[in-house]
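Participant: Take a look at my_file-v2.txt, compact mmCIF, C-alpha atoms:
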```txt
# COMPACT_ATOMS: atom_id res chain seq x y z
CA MET A 853 17.01 11.96 25.43
CA LYS A 854 19.81 14.37 24.50
CA LEU A 855 22.46 11.68 24.97
CA LEU A 856 20.44 9.23 22.87
CA TYR A 857 20.16 11.76 20.06
CA TYR A 858 23.73 13.09 20.04
CA PHE A 859 25.58 9.84 20.75
CA VAL A 860 23.39 7.22 19.06
CA ILE A 861 20.70 8.35 16.62
CA TYR A 862 22.41 11.28 14.88
CA PRO A 863 25.75 9.43 14.48
CA ILE A 864 23.83 6.48 12.99
CA SER A 865 22.20 8.84 10.49
CA LEU A 866 25.69 9.70 9.17
CA LEU A 867 26.18 6.11 8.03
CA PRO A 868 25.61 5.28 4.34
CA LEU A 869 22.01 4.51 3.50
CA TRP A 870 22.89 1.05 2.21
CA PHE A 871 24.28 0.22 5.65
CA LEU A 872 21.15 1.53 7.38
CA TYR A 873 19.09 -0.75 5.13
CA LEU A 874 21.13 -3.72 6.36
CA ILE A 875 20.17 -2.81 9.92
CA THR A 876 16.49 -2.35 9.12
CA ASP A 877 16.43 -5.59 7.12
CA ILE A 878 17.02 -7.27 10.47
CA ALA A 879 14.13 -5.25 11.88
CA TYR A 880 11.96 -6.56 9.05
CA LEU A 881 12.73 -10.16 10.01
CA ILE A 882 11.83 -9.33 13.61
CA PHE A 883 8.53 -7.75 12.48
CA LEU A 884 7.67 -10.95 10.62
CA ILE A 885 7.93 -12.82 13.92
CA PHE A 886 6.62 -10.08 16.20
CA PRO A 887 4.56 -7.77 13.94
CA TYR A 888 4.29 -4.13 14.98
CA ARG A 889 0.65 -3.29 15.77
CA LYS A 890 -0.41 -6.57 14.24
CA ALA A 891 -4.11 -6.28 15.10
CA VAL A 892 -4.38 -2.74 13.71
CA VAL A 893 -2.46 -3.53 10.52
CA ARG A 894 -4.30 -6.78 9.84
CA GLY A 895 -7.73 -5.36 10.62
CA ASN A 896 -7.21 -2.28 8.41
CA ILE A 897 -6.05 -4.38 5.47
CA GLN A 898 -8.84 -6.93 5.81
CA ARG A 899 -11.58 -4.29 5.88
CA SER A 900 -10.05 -2.26 3.06
CA PHE A 901 -9.64 -5.27 0.77
CA SER A 902 -12.51 -7.47 1.86
CA SER A 903 -12.74 -9.15 -1.56
CA LEU A 904 -9.18 -10.50 -1.35
CA SER A 905 -8.19 -13.82 0.16
CA SER A 906 -6.35 -14.28 3.45
CA LYS A 907 -3.25 -15.20 1.47
CA GLU A 908 -3.43 -11.90 -0.43
CA HIS A 909 -3.98 -9.99 2.82
CA ARG A 910 -0.82 -11.54 4.30
CA LYS A 911 1.18 -10.61 1.20
CA ILE A 912 0.15 -6.94 1.56
CA GLU A 913 1.01 -7.16 5.25
CA ARG A 914 4.50 -8.56 4.63
CA ASN A 915 5.20 -6.02 1.90
CA PHE A 916 4.03 -3.22 4.19
CA TYR A 917 6.45 -4.25 6.94
CA LYS A 918 9.27 -4.38 4.39
CA HIS A 919 8.47 -0.84 3.23
CA PHE A 920 7.96 0.30 6.82
CA THR A 921 11.48 -0.79 7.78
CA ASP A 922 12.84 1.02 4.71
CA LEU A 923 11.09 4.14 6.01
CA LEU A 924 12.81 3.68 9.37
CA ALA A 925 16.20 3.73 7.66
CA GLU A 926 15.26 6.70 5.48
CA SER A 927 13.78 8.66 8.40
CA ILE A 928 16.99 8.24 10.40
CA LYS A 929 19.02 9.27 7.35
CA ASN A 930 16.80 12.32 6.98
CA LEU A 931 18.43 13.83 10.08
CA SER A 932 21.68 14.41 8.17
CA ILE A 933 21.00 13.82 4.46
CA SER A 934 22.47 16.53 2.23
CA LYS A 935 20.58 18.70 -0.27
CA LYS A 936 22.54 17.12 -3.12
CA VAL A 937 21.52 13.59 -2.13
CA LEU A 938 17.93 14.63 -1.49
CA LEU A 939 17.62 16.12 -4.98
CA LYS A 940 19.06 12.95 -6.45
CA ARG A 941 16.58 10.73 -4.61
CA MET A 942 13.46 12.92 -4.69
CA LYS A 943 12.31 13.99 -8.16
CA VAL A 944 9.20 15.75 -9.48
CA ARG A 945 7.65 14.32 -12.66
CA ASN A 946 5.75 17.44 -13.70
CA PRO A 947 7.28 20.49 -11.96
CA GLU A 948 5.79 22.80 -14.61
CA LEU A 949 2.46 22.74 -12.74
CA MET A 950 3.98 24.39 -9.66
CA GLU A 951 6.09 26.68 -11.84
CA SER A 952 2.95 27.93 -13.59
CA LEU A 953 1.22 28.68 -10.28
CA PHE A 954 4.33 30.43 -8.99
CA ALA A 955 4.39 32.62 -12.10
CA GLN A 956 0.78 33.59 -11.28
CA ASN A 957 1.86 34.41 -7.69
CA LYS A 958 -0.66 31.80 -6.58
CA GLY A 959 -0.41 30.18 -3.15
CA VAL A 960 -0.83 26.41 -3.09
CA LEU A 961 -2.12 23.76 -0.72
CA LEU A 962 0.05 20.76 -1.51
CA SER A 963 -2.06 17.86 -0.29
CA SER A 964 -1.66 14.12 0.03
CA GLY A 965 -1.34 11.44 2.70
CA HIS A 966 1.26 9.33 4.50
CA TYR A 967 2.10 7.37 1.39
CA ASN A 968 5.76 6.55 0.69
CA ASN A 969 8.49 8.80 2.09
CA TRP A 970 6.82 12.01 3.30
CA GLU A 971 9.78 12.80 5.60
CA TRP A 972 12.13 13.38 2.68
CA LEU A 973 9.48 15.52 1.04
CA ILE A 974 9.14 17.70 4.15
CA THR A 975 12.88 18.29 4.14
CA SER A 976 13.22 18.81 0.38
CA GLN A 977 10.05 20.74 -0.51
CA ASN A 978 11.63 24.17 -0.22
CA ILE A 979 14.38 23.21 -2.68
CA LEU A 980 12.06 21.35 -5.07
CA PHE A 981 9.75 24.32 -5.65
CA LYS A 982 10.10 28.12 -5.80
CA HIS A 983 7.16 28.61 -3.42
CA GLN A 984 7.97 29.22 0.25
CA ALA A 985 7.35 25.84 1.87
CA MET A 986 5.18 25.61 4.97
CA GLY A 987 4.15 22.51 6.87
CA ILE A 988 1.37 22.05 9.41
CA GLY A 989 2.00 19.69 12.29
CA MET A 990 1.16 19.20 15.94
CA PRO A 991 4.25 19.47 18.18
CA LEU A 992 5.58 16.33 19.84
CA LYS A 993 5.02 15.95 23.58
CA ASN A 994 8.73 15.66 24.26
CA GLU A 995 10.14 19.19 23.99
CA PHE A 996 13.67 18.13 23.05
CA TRP A 997 12.59 15.73 20.29
CA ASN A 998 10.09 18.25 18.98
CA LYS A 999 12.79 20.92 18.75
CA LYS A 1000 15.34 18.63 17.11
CA LEU A 1001 13.00 17.06 14.56
CA THR A 1002 11.54 20.45 13.64
CA GLU A 1003 15.04 21.86 13.26
CA ARG A 1004 16.16 18.98 11.04
CA ARG A 1005 13.01 19.01 8.89
CA ALA A 1006 13.19 22.78 8.44
CA ARG A 1007 16.90 23.08 7.68
CA THR A 1008 16.41 23.69 3.93
CA GLY A 1009 13.80 26.43 4.45
CA MET A 1010 10.51 24.72 5.30
CA LYS A 1011 8.53 26.76 7.83
CA ILE A 1012 6.76 24.36 10.22
CA VAL A 1013 3.79 25.77 12.14
CA ASN A 1014 1.45 24.55 14.83
CA PRO A 1015 -2.11 24.29 13.42
CA ASN A 1016 -3.30 26.42 16.33
CA ASN A 1017 -1.08 29.26 15.05
CA LEU A 1018 -1.78 28.79 11.35
CA LYS A 1019 -4.00 31.86 10.85
CA GLU A 1020 -1.46 34.03 12.61
CA ASN A 1021 1.28 32.74 10.28
CA LEU A 1022 -0.87 33.21 7.18
CA SER A 1023 -1.36 36.87 8.10
CA LEU A 1024 2.40 37.50 7.81
CA SER A 1025 4.07 38.78 4.65
CA TYR A 1026 6.30 36.42 2.66
CA LYS A 1027 8.63 37.18 -0.23
CA GLU A 1028 7.25 34.26 -2.23
CA PRO A 1029 3.78 32.69 -2.45
CA LEU A 1030 3.27 29.85 0.00
CA ALA A 1031 3.04 26.14 -0.72
CA ILE A 1032 1.49 24.58 2.39
CA LEU A 1033 2.07 20.86 2.80
CA ILE A 1034 -0.98 19.05 4.20
CA LEU A 1035 -0.90 15.31 4.89
CA GLY A 1036 -4.57 14.90 5.67
CA ASP A 1037 -5.19 11.16 5.74
CA GLN A 1038 -5.05 10.59 9.50
CA ALA A 1039 -8.14 10.35 11.70
CA PRO A 1040 -9.62 13.82 12.37
CA GLY A 1041 -10.03 15.00 15.93
CA ASN A 1042 -13.77 15.63 15.77
CA SER A 1043 -16.31 13.36 14.04
CA ASN A 1044 -18.88 16.13 13.76
CA LYS A 1045 -16.46 18.49 12.00
CA SER A 1046 -15.26 15.86 9.55
CA TYR A 1047 -16.32 15.19 6.00
CA TRP A 1048 -17.78 11.68 5.85
CA MET A 1049 -17.34 9.58 2.72
CA ASP A 1050 -16.63 6.06 1.55
CA PHE A 1051 -12.87 5.41 1.54
CA LEU A 1052 -11.33 1.96 1.09
CA ASN A 1053 -14.75 0.32 1.44
CA GLN A 1054 -15.50 1.98 4.78
CA ASN A 1055 -17.48 4.99 5.92
CA THR A 1056 -14.62 7.31 6.84
CA ALA A 1057 -14.16 10.64 8.59
CA VAL A 1058 -11.91 12.80 6.41
CA GLN A 1059 -10.24 16.05 7.41
CA PHE A 1060 -11.92 19.06 5.82
CA GLY A 1061 -9.15 21.58 6.50
CA THR A 1062 -7.74 21.70 2.97
CA GLU A 1063 -11.11 22.65 1.52
CA GLN A 1064 -11.69 25.32 4.17
CA LEU A 1065 -8.27 26.90 3.69
CA ALA A 1066 -8.62 26.89 -0.10
CA ASN A 1067 -11.92 28.74 0.13
CA GLU A 1068 -10.91 31.13 2.88
CA TYR A 1069 -7.50 32.18 1.49
CA ASP A 1070 -7.94 31.56 -2.24
CA PHE A 1071 -5.25 28.88 -2.45
CA ALA A 1072 -4.90 26.57 -5.42
CA VAL A 1073 -5.10 22.89 -4.44
CA VAL A 1074 -2.49 20.55 -5.89
CA ASN A 1075 -2.65 16.90 -4.93
CA PHE A 1076 0.41 14.70 -5.20
CA ILE A 1077 1.36 11.06 -5.01
CA LEU A 1078 4.88 9.92 -4.16
CA HIS A 1079 5.85 6.94 -6.31
CA LYS A 1080 8.60 4.59 -5.19
CA VAL A 1081 10.84 4.13 -8.23
CA LYS A 1082 13.21 1.80 -6.43
CA ARG A 1083 14.61 1.46 -2.93
CA GLY A 1084 15.47 4.94 -1.69
CA TYR A 1085 14.30 6.76 -4.82
CA TYR A 1086 10.96 8.58 -5.22
CA GLU A 1087 9.10 10.58 -7.84
CA MET A 1088 6.40 13.10 -7.03
CA GLU A 1089 3.43 13.25 -9.40
CA LEU A 1090 1.36 16.45 -9.19
CA LYS A 1091 -2.30 16.89 -10.10
CA LEU A 1092 -4.19 20.18 -10.03
CA ILE A 1093 -7.49 19.86 -8.18
CA THR A 1094 -8.43 23.51 -8.64
CA SER A 1095 -6.91 26.98 -8.95
CA ASN A 1096 -10.23 28.55 -7.92
CA ALA A 1097 -11.84 26.77 -4.99
CA LYS A 1098 -14.95 28.96 -5.03
CA THR A 1099 -16.06 27.46 -8.35
CA LEU A 1100 -16.43 24.01 -6.76
CA LYS A 1101 -19.26 22.54 -4.69
CA TRP A 1102 -19.09 21.66 -1.01
CA GLY A 1103 -17.02 18.51 -0.59
CA GLU A 1104 -15.70 18.43 -4.15
CA ILE A 1105 -12.07 19.18 -3.24
CA THR A 1106 -12.11 16.66 -0.40
CA GLU A 1107 -13.69 13.97 -2.59
CA LYS A 1108 -11.23 14.48 -5.45
CA GLN A 1109 -8.05 14.45 -3.39
CA THR A 1110 -9.20 11.46 -1.32
CA ARG A 1111 -10.03 9.46 -4.45
CA ILE A 1112 -6.54 10.11 -5.86
CA LEU A 1113 -4.96 8.76 -2.67
CA GLU A 1114 -7.37 5.82 -2.61
CA LYS A 1115 -6.40 4.81 -6.16
CA ALA A 1116 -2.69 4.95 -5.28
CA ILE A 1117 -3.31 2.76 -2.21
CA LYS A 1118 -5.29 0.23 -4.23
CA ASP A 1119 -2.57 0.10 -6.88
CA LYS A 1120 0.32 -0.28 -4.40
CA PRO A 1121 -1.16 -0.91 -0.93
CA GLU A 1122 2.14 -1.69 0.79
CA PHE A 1123 3.25 1.95 0.62
CA TRP A 1124 0.52 3.34 2.90
CA ILE A 1125 0.83 3.39 6.71
CA TRP A 1126 -1.54 0.61 7.79
CA SER A 1127 -0.37 0.75 11.41
CA HIS A 1128 -2.30 3.98 12.04
CA LYS A 1129 -5.72 3.68 13.74
CA ARG A 1130 -7.39 5.35 10.79
CA TRP A 1131 -10.98 4.31 11.52
CA LYS A 1132 -11.19 5.05 15.25
CA ARG A 1133 -13.90 7.74 14.94
CA GLU A 1134 -17.47 6.63 15.51
CA ILE A 1135 -19.98 7.36 12.77
CA PRO A 1136 -22.41 10.05 14.00
CA ARG A 1137 -25.92 8.68 14.50
CA ASN A 1138 -27.47 11.62 12.67
CA LEU A 1139 -24.98 11.53 9.79
CA GLU A 1140 -27.36 12.63 7.03
CA GLU A 1141 -28.63 15.54 9.12
CA LEU A 1142 -25.03 16.46 9.94
CA LYS A 1143 -24.12 16.57 6.24
CA ILE A 1144 -27.05 18.87 5.49
CA GLU A 1145 -26.01 21.16 8.33
CA GLN A 1146 -22.33 21.17 7.22
CA LYS A 1147 -23.28 21.97 3.64
CA ALA A 1148 -25.54 24.85 4.72
CA LYS A 1149 -22.78 26.34 6.93
CA PHE A 1150 -20.26 26.02 4.11
CA LYS A 1151 -22.55 27.78 1.63
CA SER A 1152 -23.34 30.52 4.13
CA LYS A 1153 -19.66 31.20 4.83
CA TYR A 1154 -18.07 30.77 1.41
CA ARG A 1155 -20.81 31.17 -1.21
CA SER A 1156 -23.04 33.95 0.09
```
For this file, produce the structure as structure tokens.
Facilitator:
Amino acid sequence: MKLLYYFVIYPISLLPLWFLYLITDIAYLIFLIFPYRKAVVRGNIQRSFSSLSSKEHRKIERNFYKHFTDLLAESIKNLSISKKVLLKRMKVRNPELMESLFAQNKGVLLSSGHYNNWEWLITSQNILFKHQAMGIGMPLKNEFWNKKLTERRARTGMKIVNPNNLKENLSLSYKEPLAILILGDQAPGNSNKSYWMDFLNQNTAVQFGTEQLANEYDFAVVNFILHKVKRGYYEMELKLITSNAKTLKWGEITEKQTRILEKAIKDKPEFWIWSHKRWKREIPRNLEELKIEQKAKFKSKYRS
């Protein structure tokens, strides 16, 4: 693994991005013949856009694989990309929102999903905003790759923490208020601890962690969507969900941020990661009873 990283992957990342795109364009042609996770991608798209024709489904599929191969090139480049280049390629449309919260010394949960280039955002967040950047992510199984990827992602100041150690990290003192990056669109680990709602025409288990953290630690919640301006260039659009979580009802934060992501996916579906097994959690048999129980526990903990 070390030899692969030091003698192949990292040296490749030093190549110009335009050259990396040439390489991944070949990968795109291969994916058209031998599609990556074809059954998962096709099934997810068909269920999410059931009103579209097969021809329209295939168009989304092809466009997704094209974007996916661009992400491969950009993720490799992320290992060595400079701050100067990052700031040129990753812009924020309305930075005044985060600036205002920073002036109030308000911590932020910066929430979204795996839509467009989240890797460049992880690396650039600490130089885009004045808040101290923190990211939550499970470590990779391979110790070497976990160390290297964490090191590369964190090189501009992002603090990456294991979710199991999050509370311990939140108890520490920081010079600046935190902005915690949460990409919460993947399948949750536990169906019974999830928030269930309709998402892309399917009953979907949604992670509830953002809402819990906002209520427990008095974080503002800012949702964002990364827009692809052109190949290799992105703009981040921010939207304030709330600066006072305790004024909102159970599920309101989760509903609002999920709807924003859903709209972005419907507008430009090719930019979401369709190869993930998003709907692998079984719907609880006693779903309505579960919702009543979850709501009661939430009120007891955060509204009593």
Participant: How many Å separate atom CA of Tyr873 of chain A from atom CA of Asp922 of chain A?
Facilitator: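 If I compute the distance from atom CA of Tyr873 of chain A to atom CA of Asp922 of chain A, I get 6.5 Å.
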Participant: Residues at most 8 Å from segment 1062-1070 of chain A, counting all atoms listed in the file, excluding those fewer than 5 positions away in the same chain, as number ranges by chain?
Facilitator: A: 959, 961, 963, 1034, 1036, 1096-1098, 1103, 1105-1106, 1154
Participant: Determine, counting only C-alpha atoms, which protein, DNA and RNA residues have an atom within 10 Å of an atom of Asn946 of chain A; residues of the same chain fewer than 5 positions away are not included. Present the result as a PDB file with C-alpha atoms, in the frame of the given file.
Facilitator:
```pdb
ATOM      1  CA  GLU A 951       6.090  26.680 -11.840  1.00  0.00           C
ATOM      2  CA  GLU A1087       9.100  10.580  -7.840  1.00  0.00           C
ATOM      3  CA  MET A1088       6.400  13.100  -7.030  1.00  0.00           C
ATOM      4  CA  GLU A1089       3.430  13.250  -9.400  1.00  0.00           C
ATOM      5  CA  LEU A1090       1.360  16.450  -9.190  1.00  0.00           C
ATOM      6  CA  LYS A1091      -2.300  16.890 -10.100  1.00  0.00           C
TER       7      LYS A1091
END
```
Participant: Give me the residues near Tyr1047 of chain A as a ChimeraX atom specification, where near means some atom within 9 Å (using all atoms listed in the file) and where sequence neighbours in that chain fewer than 2 positions away do not count.
Facilitator: /A:1043-1045,1049,1056-1060,1103,1106,1143,1146
Participant: May I ask for the distance between atom CA of Trp1126 of chain A and atom CA of Asn968 of chain A, given in Å to one decimal place?
Facilitator: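 About the pair atom CA of Trp1126 of chain A and atom CA of Asn968 of chain A: they are 11.8 Å apart.
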Participant: Compare A:Ala891, A:Ile912, A:Leu924, A:Ala1072 by their minimum atom-to-atom distance to Leu1100 of chain A, counting only C-alpha atoms, and give me the closest one.
Facilitator: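 Counting only C-alpha atoms, the residue closest to Leu1100 of chain A is A:Ala1072.
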Participant: What's the separation between atom CA of Lys1080 of chain A and atom CA of Ile1117 of chain A, in Å to one decimal place?
Facilitator: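 Interatomic distance here is 12.4 Å.
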Participant: I want to know what sits within 10 Å of Ser865 of chain A, based on all atoms listed in the file, with residues of the same chain fewer than 5 positions away left out; could you give that as a PyMOL selection string?
Facilitator: chain A and resi 860+872+925-933
Participant: Write out as a ChimeraX atom specification the residues lying within 12 Å of Lys890 of chain A, counting only C-alpha atoms and excluding same-chain residues fewer than 3 positions away.
Facilitator: /A:883-887,893-898,910,913-914,916-917,1126-1129
Participant: My list of candidates is A:Arg1155, A:Lys918, A:Lys911, A:Arg899. Which is closest to Thr1099 of chain A when distances are computed with all atoms listed in the file?
Facilitator: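 Of A:Arg1155, A:Lys918, A:Lys911, A:Arg899, the one nearest Thr1099 of chain A, counting all atoms listed in the file, is A:Arg1155.
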Participant: I need the residue nearest Tyr888 of chain A from this list: A:Thr921, A:Arg1007, A:Lys1118, A:Glu1104. Use only C-alpha atoms for the distance.
Facilitator: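 With only C-alpha atoms as the atom set, the closest residue is A:Thr921.
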Participant: Between A:Ile861, A:Leu1024, A:Leu1001, A:Leu1018, which one has atoms that come closest to Ile988 of chain A, using only C-alpha atoms?
Facilitator: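 Counting only C-alpha atoms, the residue closest to Ile988 of chain A is A:Leu1018.
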Participant: Between A:Phe920, A:Leu881, A:Ser905, A:Asn915, single out the one closest to Ile1125 of chain A, counting all atoms listed in the file.
Facilitator: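 For Ile1125 of chain A, the nearest of the candidates is A:Phe920.
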Participant: Go ahead and fit an axis-aligned box to every listed atom of segment 954-968 of chain A plus 8 Å each side, and pass me the centre and edge lengths in Å, one decimal, as JSON.
Facilitator:
```
{"center_x": 1.8, "center_y": 20.5, "center_z": -3.8, "size_x": 23.9, "size_y": 43.9, "size_z": 32.6}
```
Participant: Give as a list of chain:residue names the set of residues within 9 Å of the point (-6.0, 11.8, -7.7), where distances use the file's coordinates and all atoms listed in the file.
Facilitator: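 Residues satisfying the cut-off, written out: A:Asn1075, A:Phe1076, A:Ile1077, A:Leu1090, A:Lys1091, A:Leu1092, A:Ile1093, A:Lys1108, A:Gln1109, A:Thr1110, A:Arg1111, A:Ile1112, A:Leu1113, A:Glu1114, A:Lys1115, A:Ala1116.
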Participant: In terms of the shortest atom-to-atom distance over all atoms listed in the file, which of A:Phe996, A:Lys1151, A:Lys1082, A:Glu1145 is closest to Leu856 of chain A?
Facilitator: A:Phe996
